[in-house]
$ cat protein_20.tsv   # TSV, C-alpha atoms
chain	number	residue	atom	x	y	z
A	1	MET	CA	6.40	20.89	-12.70
A	2	LEU	CA	6.22	23.48	-15.50
A	3	THR	CA	5.53	22.07	-18.95
A	4	ALA	CA	6.14	24.23	-22.02
A	5	LYS	CA	3.43	24.42	-24.69
A	6	TYR	CA	2.91	26.72	-27.66
A	7	SER	CA	0.04	27.95	-29.77
A	8	HIS	CA	-0.36	29.80	-33.10
A	9	ILE	CA	-2.46	32.98	-32.98
A	10	GLN	CA	-3.60	35.30	-35.77
A	11	ILE	CA	-4.03	39.03	-35.11
A	12	ALA	CA	-5.69	41.11	-37.82
A	13	GLY	CA	-3.12	42.77	-40.06
A	14	MET	CA	-0.19	40.97	-38.46
A	15	PRO	CA	1.65	37.72	-39.26
A	16	THR	CA	0.88	34.57	-37.34
A	17	ARG	CA	2.86	34.48	-34.13
A	18	GLU	CA	3.90	31.53	-32.05
A	19	LEU	CA	3.36	32.08	-28.34
A	20	PHE	CA	4.80	29.94	-25.59
A	21	PHE	CA	2.94	29.42	-22.38
A	22	TYR	CA	3.39	27.15	-19.40
A	23	THR	CA	1.09	24.82	-17.54
A	24	MET	CA	1.67	23.51	-14.06
A	25	LYS	CA	1.28	19.73	-13.86
A	26	LYS	CA	-0.31	18.51	-10.68
A	27	LYS	CA	1.69	16.30	-8.33
A	28	THR	CA	0.45	13.01	-6.96
A	29	ALA	CA	1.72	11.07	-3.96
A	30	ILE	CA	0.86	7.37	-3.78
A	31	LEU	CA	0.79	5.70	-0.38
A	32	VAL	CA	0.76	1.90	-0.25
A	33	ASP	CA	-0.37	-0.20	2.71
A	34	GLY	CA	2.06	-3.09	2.25
A	35	GLY	CA	0.00	-5.60	4.19
A	36	LEU	CA	-3.05	-5.06	2.00
A	37	PHE	CA	-1.03	-4.94	-1.21
A	38	LEU	CA	0.70	-8.31	-0.68
A	39	LYS	CA	-2.51	-10.01	0.46
A	40	ARG	CA	-4.56	-8.77	-2.51
A	41	TYR	CA	-1.72	-9.23	-5.01
A	42	ARG	CA	-1.31	-12.85	-3.97
A	43	SER	CA	-5.07	-13.47	-4.00
A	44	ILE	CA	-5.85	-11.79	-7.33
A	45	ASN	CA	-2.97	-13.49	-9.13
A	46	LYS	CA	-3.57	-16.82	-7.34
A	47	LEU	CA	0.06	-17.13	-6.28
A	48	LYS	CA	1.39	-19.52	-3.65
A	49	HIS	CA	4.89	-18.08	-3.76
A	50	LEU	CA	5.94	-14.52	-4.53
A	51	ASP	CA	8.99	-13.48	-6.51
A	52	PRO	CA	10.54	-10.34	-4.93
A	53	GLU	CA	11.72	-8.78	-8.20
A	54	LYS	CA	8.46	-9.34	-10.10
A	55	THR	CA	6.31	-8.27	-7.15
A	56	ALA	CA	8.22	-5.00	-6.83
A	57	LYS	CA	7.98	-4.40	-10.59
A	58	ASP	CA	4.23	-5.08	-10.63
A	59	LEU	CA	3.66	-2.76	-7.67
A	60	TRP	CA	5.62	0.06	-9.30
A	61	GLU	CA	3.80	-0.33	-12.62
A	62	MET	CA	0.41	-0.46	-10.87
A	63	CYS	CA	1.20	2.82	-9.12
A	64	LEU	CA	2.28	4.51	-12.37
A	65	LYS	CA	-1.07	3.66	-13.95
A	66	HIS	CA	-2.67	6.05	-11.46
A	67	LEU	CA	-0.92	8.99	-13.13
A	68	SER	CA	-3.16	8.77	-16.21
A	69	GLN	CA	-6.64	9.75	-15.13
A	70	ALA	CA	-9.98	10.92	-16.51
A	71	LYS	CA	-10.18	13.41	-19.38
A	72	ALA	CA	-6.60	12.55	-20.40
A	73	GLU	CA	-5.32	14.50	-17.40
A	74	ASN	CA	-1.78	13.45	-16.50
A	75	PHE	CA	-0.19	13.90	-13.10
A	76	ASP	CA	3.47	14.03	-12.09
A	77	LEU	CA	4.60	11.50	-9.54
A	78	TYR	CA	5.79	13.12	-6.33
A	79	ARG	CA	6.74	9.84	-4.65
A	80	ILE	CA	5.52	6.33	-3.88
A	81	PHE	CA	5.54	5.60	-0.15
A	82	TYR	CA	5.47	1.92	0.83
A	83	TYR	CA	4.45	1.13	4.43
A	84	ASP	CA	5.21	-2.16	6.13
A	85	CYS	CA	7.22	-3.68	8.96
A	86	LEU	CA	10.66	-5.17	9.12
A	87	PRO	CA	10.28	-8.97	9.21
A	88	TYR	CA	10.58	-10.79	12.52
A	89	SER	CA	13.99	-12.40	13.01
A	90	LYS	CA	14.15	-13.91	16.52
A	91	LYS	CA	14.21	-17.57	17.56
A	92	HIS	CA	11.52	-19.40	19.54
A	93	HIS	CA	10.38	-22.94	20.26
A	94	ASN	CA	7.09	-24.24	18.91
A	95	PRO	CA	4.95	-25.11	21.99
A	96	VAL	CA	3.39	-28.17	20.36
A	97	THR	CA	6.54	-29.96	19.21
A	98	GLY	CA	9.27	-28.10	21.07
A	99	LYS	CA	10.98	-27.57	17.71
A	100	ALA	CA	13.27	-24.52	17.49
A	101	ILE	CA	12.10	-21.94	14.95
A	102	ASP	CA	14.54	-19.40	13.52
A	103	PHE	CA	12.28	-16.78	11.96
A	104	SER	CA	15.21	-15.25	10.05
A	105	ARG	CA	15.40	-18.44	7.98
A	106	THR	CA	11.72	-18.65	7.07
A	107	PRO	CA	10.58	-18.06	3.47
A	108	GLN	CA	8.49	-15.09	4.63
A	109	TYR	CA	11.54	-13.37	6.15
A	110	GLN	CA	13.69	-14.01	3.08
A	111	PHE	CA	11.00	-12.71	0.75
A	112	GLN	CA	10.42	-9.53	2.76
A	113	VAL	CA	14.12	-8.66	2.89
A	114	ALA	CA	14.60	-9.29	-0.84
A	115	PHE	CA	11.37	-7.45	-1.71
A	116	PHE	CA	12.41	-4.36	0.26
A	117	GLU	CA	15.76	-4.36	-1.53
A	118	GLU	CA	14.01	-4.46	-4.90
A	119	LEU	CA	11.73	-1.57	-3.92
A	120	LYS	CA	14.74	0.53	-2.94
A	121	LYS	CA	15.97	0.27	-6.52
A	122	LYS	CA	12.77	1.71	-7.97
A	123	ARG	CA	12.64	5.37	-8.90
A	124	LYS	CA	10.83	7.65	-6.45
A	125	VAL	CA	9.96	4.84	-4.02
A	126	ALA	CA	10.43	5.46	-0.30
A	127	LEU	CA	10.16	2.73	2.34
A	128	ARG	CA	8.39	3.73	5.54
A	129	LEU	CA	8.89	0.84	7.95
A	130	GLY	CA	7.30	0.22	11.32
A	131	ILE	CA	8.08	-2.59	13.75
A	132	LEU	CA	6.55	-5.87	14.84
A	133	GLU	CA	5.84	-5.83	18.57
A	134	ASP	CA	6.84	-9.13	20.12
A	135	LYS	CA	4.20	-10.36	22.60
A	136	ASN	CA	6.41	-13.32	23.49
A	137	ARG	CA	3.66	-15.91	23.18
A	138	TRP	CA	2.13	-18.40	20.78
A	139	ILE	CA	-1.57	-18.48	20.00
A	140	ILE	CA	-3.84	-21.08	18.43
A	141	LYS	CA	-5.02	-20.03	14.98
A	142	PRO	CA	-8.65	-18.77	14.93
A	143	GLY	CA	-9.96	-21.55	12.71
A	144	ILE	CA	-8.38	-24.20	14.94
A	145	THR	CA	-9.82	-22.54	18.06
A	146	LYS	CA	-13.27	-22.82	16.51
A	147	ASP	CA	-12.73	-26.55	15.86
A	148	LEU	CA	-11.58	-27.06	19.46
A	149	LEU	CA	-14.61	-25.28	20.89
A	150	SER	CA	-16.98	-27.28	18.68
A	151	LYS	CA	-15.16	-30.47	19.74
A	152	LYS	CA	-14.24	-31.31	16.15
A	153	LEU	CA	-10.65	-31.37	17.30
A	154	LYS	CA	-9.02	-32.48	20.53
A	155	ILE	CA	-6.23	-30.52	22.19
A	156	GLU	CA	-3.86	-33.50	21.91
A	157	GLU	CA	-4.42	-33.55	18.15
A	158	LEU	CA	-2.86	-30.12	17.62
A	159	THR	CA	0.09	-29.93	15.22
A	160	GLU	CA	2.90	-27.39	14.94
A	161	ASP	CA	1.03	-25.72	12.06
A	162	ASP	CA	-2.03	-25.05	14.24
A	163	VAL	CA	-0.27	-22.36	16.27
A	164	GLN	CA	1.35	-19.06	15.35
A	165	PHE	CA	3.64	-16.63	17.11
A	166	ASP	CA	1.82	-13.53	18.28
A	167	PHE	CA	3.11	-10.13	17.24
A	168	THR	CA	1.44	-6.85	16.34
A	169	GLN	CA	2.28	-4.32	13.66
A	170	LYS	CA	3.21	-0.95	15.17
A	171	MET	CA	3.84	2.57	13.85
A	172	VAL	CA	2.58	1.89	10.32
A	173	ASP	CA	-0.84	3.59	10.51
A	174	ILE	CA	0.61	6.58	12.33
A	175	LYS	CA	3.31	7.00	9.69
A	176	ILE	CA	0.64	7.01	6.98
A	177	GLY	CA	-1.39	9.63	8.86
A	178	LEU	CA	1.63	11.84	9.54
A	179	ASP	CA	2.79	11.72	5.94
A	180	ILE	CA	-0.68	12.67	4.67
A	181	ALA	CA	-0.82	15.59	7.10
A	182	SER	CA	2.73	16.73	6.33
A	183	MET	CA	2.34	16.70	2.54
A	184	THR	CA	-1.02	18.44	2.86
A	185	LEU	CA	0.06	21.26	5.15
A	186	LYS	CA	3.34	21.83	3.28
A	187	ARG	CA	1.46	21.95	-0.05
A	188	GLN	CA	3.84	19.39	-1.53
A	189	VAL	CA	1.17	17.61	-3.58
A	190	ASP	CA	-2.18	18.24	-5.23
A	191	GLN	CA	-3.46	14.69	-5.00
A	192	ILE	CA	-3.00	11.73	-2.66
A	193	ILE	CA	-3.85	8.17	-3.66
A	194	LEU	CA	-4.01	5.68	-0.80
A	195	ILE	CA	-3.79	1.97	-1.58
A	196	SER	CA	-5.46	0.54	1.49
A	197	GLY	CA	-8.64	-1.06	2.69
A	198	ASP	CA	-9.32	-0.06	6.28
A	199	SER	CA	-10.80	3.05	7.88
A	200	ASP	CA	-7.83	4.16	9.98
A	201	PHE	CA	-6.99	6.79	7.37
A	202	VAL	CA	-10.25	8.75	7.80
A	203	PRO	CA	-8.98	11.54	10.14
A	204	ALA	CA	-6.00	12.24	7.86
A	205	ALA	CA	-8.21	12.11	4.77
A	206	LYS	CA	-10.58	14.66	6.32
A	207	LEU	CA	-7.68	17.04	6.91
A	208	ALA	CA	-6.37	16.61	3.37
A	209	ARG	CA	-9.77	17.23	1.78
A	210	ARG	CA	-10.43	20.30	3.93
A	211	GLU	CA	-7.14	21.73	2.67
A	212	GLY	CA	-8.10	21.14	-0.96
A	213	ILE	CA	-6.25	17.91	-1.66
A	214	ASP	CA	-7.87	15.46	-4.10
A	215	PHE	CA	-7.98	12.22	-2.09
A	216	LEU	CA	-8.50	8.88	-3.88
A	217	LEU	CA	-8.71	5.39	-2.44
A	218	ASP	CA	-7.52	2.23	-4.20
A	219	PRO	CA	-8.65	-0.88	-2.27
A	220	MET	CA	-7.44	-3.23	-5.05
A	221	TRP	CA	-11.05	-4.30	-5.74
A	222	ASN	CA	-11.64	-5.15	-2.10
A	223	PRO	CA	-15.11	-3.98	-0.94
A	224	ILE	CA	-15.05	-1.00	1.41
A	225	LYS	CA	-17.52	0.01	4.10
A	226	PRO	CA	-20.25	2.34	2.75
A	227	HIS	CA	-19.47	5.17	5.18
A	228	LEU	CA	-15.95	5.55	3.74
A	229	PHE	CA	-17.30	7.07	0.53
A	230	GLU	CA	-18.05	10.35	2.31
A	231	HIS	CA	-14.37	10.72	3.22
A	232	ILE	CA	-12.80	10.26	-0.23
A	233	ASP	CA	-12.99	12.03	-3.60
A	234	GLY	CA	-12.97	8.87	-5.65
A	235	LEU	CA	-12.56	5.10	-5.67
A	236	VAL	CA	-10.35	3.44	-8.27
A	237	SER	CA	-8.37	0.19	-8.57
A	238	LYS	CA	-5.59	-0.23	-11.11
A	239	ILE	CA	-4.65	-3.88	-10.63
A	240	LYS	CA	-6.49	-6.32	-12.86
A	241	ARG	CA	-10.00	-7.17	-11.70
A	242	PRO	CA	-10.20	-10.52	-9.86
A	243	GLU	CA	-11.85	-13.37	-11.71
A	244	SER	CA	-15.34	-14.07	-10.35
$ encode --input "protein_20.tsv" --output "structure tokens"
Amino acid sequence: MLTAKYSHIQIAGMPTRELFFYTMKKKTAILVDGGLFLKRYRSINKLKHLDPEKTAKDLWEMCLKHLSQAKAENFDLYRIFYYDCLPYSKKHHNPVTGKAIDFSRTPQYQFQVAFFEELKKKRKVALRLGILEDKNRWIIKPGITKDLLSKKLKIEELTEDDVQFDFTQKMVDIKIGLDIASMTLKRQVDQIILISGDSDFVPAAKLARREGIDFLLDPMWNPIKPHLFEHIDGLVSKIKRPES
């Protein structure tokens, strides 16, 4: 984006002249790992229940804070990309109680749908949705499995809350990687800020940095593995710092 500025100059023997010149503002793309964002947002704010409208507003405002950086340098927002999966909506029977579960009526489903609708209303926000792969099975929660193996809990003492339906997030990480590569090679942005916490982004980050892109990581105050520092140009979190 071209921004007009002007300056007064004085040339010997001539009146002061006002010259216009233009500066090119750098563009920033912000990529949000939805799974990490919701987990950290809930944890940092100590929330049991999330409000879709407020959560979307807080996410948008957190992203905009990234546009004001060191040395009063301001960046233009290219776009905010939000990555997640469509919520699971099928019906199954809980193996412990035999109770029918309609996932489309769960609070999690209703929140996700409403939250996505709120994000669609925000300026320059694009949803990039993957899918949940249905493995068609229930599994015992890890903590409960540990209690069973240590004989703190008997199998007949299991409740319907001790099991969960097994599905896996698909196509989210690859969408993040492809978008980083596409924006880099098409020279659409000067800077990419990734709100995430895992290391799956490293190959895409390497490509971006080799091509001259300024690559920042925002883990929302979550500790990252030491080796990740060599693959980023900076580490910064814009959400409020968690209380110790």
$ closest_residue --input "protein_20.tsv" --among "A:Leu36, A:Ile140, A:Asn45, A:Val172" --to "A:Arg241" --atoms "all atoms listed in the file"
A:Asn45
$ closest_atom_pairs --input "protein_20.tsv" --of "stretch 162-216 of chain A" --to "stretch 94-113 of chain A" --cutoff "12 Å" --atoms "all atoms listed in the file" --output "Markdown table"
| residue | atom | partner | partner_atom | distance |
| --- | --- | --- | --- | --- |
| A:Asp162 | CA | A:Val96 | CA | 8.8 |
| A:Val163 | CA | A:Val96 | CA | 8.0 |
| A:Gln164 | CA | A:Asn94 | CA | 8.5 |
| A:Phe165 | CA | A:Asn94 | CA | 8.5 |
| A:Asp166 | CA | A:Asn94 | CA | 12.0 |
$ residues_around --input "protein_20.tsv" --residues "stretch 78-88 of chain A" --least-positions-apart "4" --cutoff "10 Å" --atoms "all atoms listed in the file" --output "PyMOL selection string"
chain A and resi 26-37+59-60+63-64+102-104+106+108-113+116+119+122-134+167-173+175-176+179+188-195
$ atom_distance --input "protein_20.tsv" --atom1 "atom CA of A:Arg187" --atom2 "atom CA of A:Gln69"
21.0 Å
$ axis_aligned_box --input "protein_20.tsv" --around "stretch 154-161 of chain A" --padding-each-side "3 Å" --output "JSON"
{"center_x": -3.1, "center_y": -29.6, "center_z": 17.1, "size_x": 17.9, "size_y": 13.8, "size_z": 16.1}
$ residues_around --input "protein_20.tsv" --residues "A:Gly234" --least-positions-apart "6" --cutoff "8 Å" --atoms "all atoms listed in the file" --output "VMD selection string"
chain A and resid 215 to 217
$ residues_around --input "protein_20.tsv" --residues "A:Ala181" --least-positions-apart "5" --cutoff "9 Å" --atoms "only C-alpha atoms" --output "list in words"
Ile176, Lys186, Ala204, Ala205, Leu207 and Ala208 of chain A
$ atom_distance --input "protein_20.tsv" --atom1 "atom CA of A:Arg209" --atom2 "atom CA of A:Leu185"
11.1 Å
$ closest_residue --input "protein_20.tsv" --among "A:Lys206, A:Lys120, A:Gly212, A:Glu157" --to "A:His231" --atoms "only C-alpha atoms"
A:Lys206
$ closest_residue --input "protein_20.tsv" --among "A:Lys91, A:Lys240, A:Lys25, A:Lys39" --to "A:Lys65" --atoms "all atoms listed in the file"
A:Lys240
$ atom_distance --input "protein_20.tsv" --atom1 "atom CA of A:Glu73" --atom2 "atom CA of A:Glu230"
23.8 Å
$ closest_residue --input "protein_20.tsv" --among "A:Met62, A:Ile224, A:Gly177, A:Asp76" --to "A:Pro203" --atoms "all atoms listed in the file"
A:Gly177
$ closest_residue --input "protein_20.tsv" --among "A:Glu117, A:Asp198, A:Glu61, A:Glu243" --to "A:Leu228" --atoms "all atoms listed in the file"
A:Asp198
$ closest_residue --input "protein_20.tsv" --among "A:His92, A:Phe115, A:Asn74, A:Thr159" --to "A:Asp58" --atoms "only C-alpha atoms"
A:Phe115
$ build_atoms --input "protein_20.tsv" --residues "stretch 112-130 of chain A" --atoms "N, CA and C atoms" --output "compact mmCIF listing (two decimals), in the frame of the given file"
# COMPACT_ATOMS: atom_id res chain seq x y z
N GLN A 112 10.57 -10.93 2.35
CA GLN A 112 10.42 -9.53 2.76
C GLN A 112 11.71 -8.76 2.58
N VAL A 113 12.83 -9.34 3.00
CA VAL A 113 14.12 -8.66 2.89
C VAL A 113 14.46 -8.41 1.42
N ALA A 114 14.29 -9.43 0.59
CA ALA A 114 14.60 -9.29 -0.84
C ALA A 114 13.64 -8.31 -1.52
N PHE A 115 12.38 -8.34 -1.13
CA PHE A 115 11.37 -7.45 -1.71
C PHE A 115 11.69 -5.99 -1.38
N PHE A 116 12.05 -5.73 -0.13
CA PHE A 116 12.41 -4.36 0.26
C PHE A 116 13.62 -3.87 -0.54
N GLU A 117 14.59 -4.75 -0.76
CA GLU A 117 15.76 -4.36 -1.53
C GLU A 117 15.39 -4.01 -2.97
N GLU A 118 14.46 -4.76 -3.54
CA GLU A 118 14.01 -4.46 -4.90
C GLU A 118 13.27 -3.13 -4.96
N LEU A 119 12.46 -2.84 -3.94
CA LEU A 119 11.73 -1.57 -3.92
C LEU A 119 12.68 -0.39 -3.82
N LYS A 120 13.77 -0.56 -3.08
CA LYS A 120 14.74 0.53 -2.94
C LYS A 120 15.35 0.92 -4.27
N LYS A 121 15.36 0.01 -5.21
CA LYS A 121 15.97 0.27 -6.52
C LYS A 121 15.03 1.04 -7.46
N LYS A 122 13.75 1.07 -7.10
CA LYS A 122 12.77 1.71 -7.97
C LYS A 122 12.79 3.23 -7.81
N ARG A 123 12.62 3.91 -8.93
CA ARG A 123 12.64 5.37 -8.90
C ARG A 123 11.47 5.93 -8.10
N LYS A 124 11.80 6.91 -7.26
CA LYS A 124 10.83 7.65 -6.45
C LYS A 124 10.02 6.75 -5.51
N VAL A 125 10.62 5.69 -5.02
CA VAL A 125 9.96 4.84 -4.02
C VAL A 125 10.67 5.04 -2.68
N ALA A 126 9.89 5.29 -1.65
CA ALA A 126 10.43 5.46 -0.30
C ALA A 126 9.80 4.42 0.63
N LEU A 127 10.64 3.70 1.36
CA LEU A 127 10.16 2.73 2.34
C LEU A 127 9.90 3.44 3.65
N ARG A 128 8.74 3.16 4.24
CA ARG A 128 8.39 3.73 5.54
C ARG A 128 8.05 2.54 6.43
N LEU A 129 9.02 2.10 7.23
CA LEU A 129 8.89 0.84 7.95
C LEU A 129 8.59 1.03 9.43
N GLY A 130 7.60 0.26 9.90
CA GLY A 130 7.30 0.22 11.32
C GLY A 130 8.01 -0.98 11.95
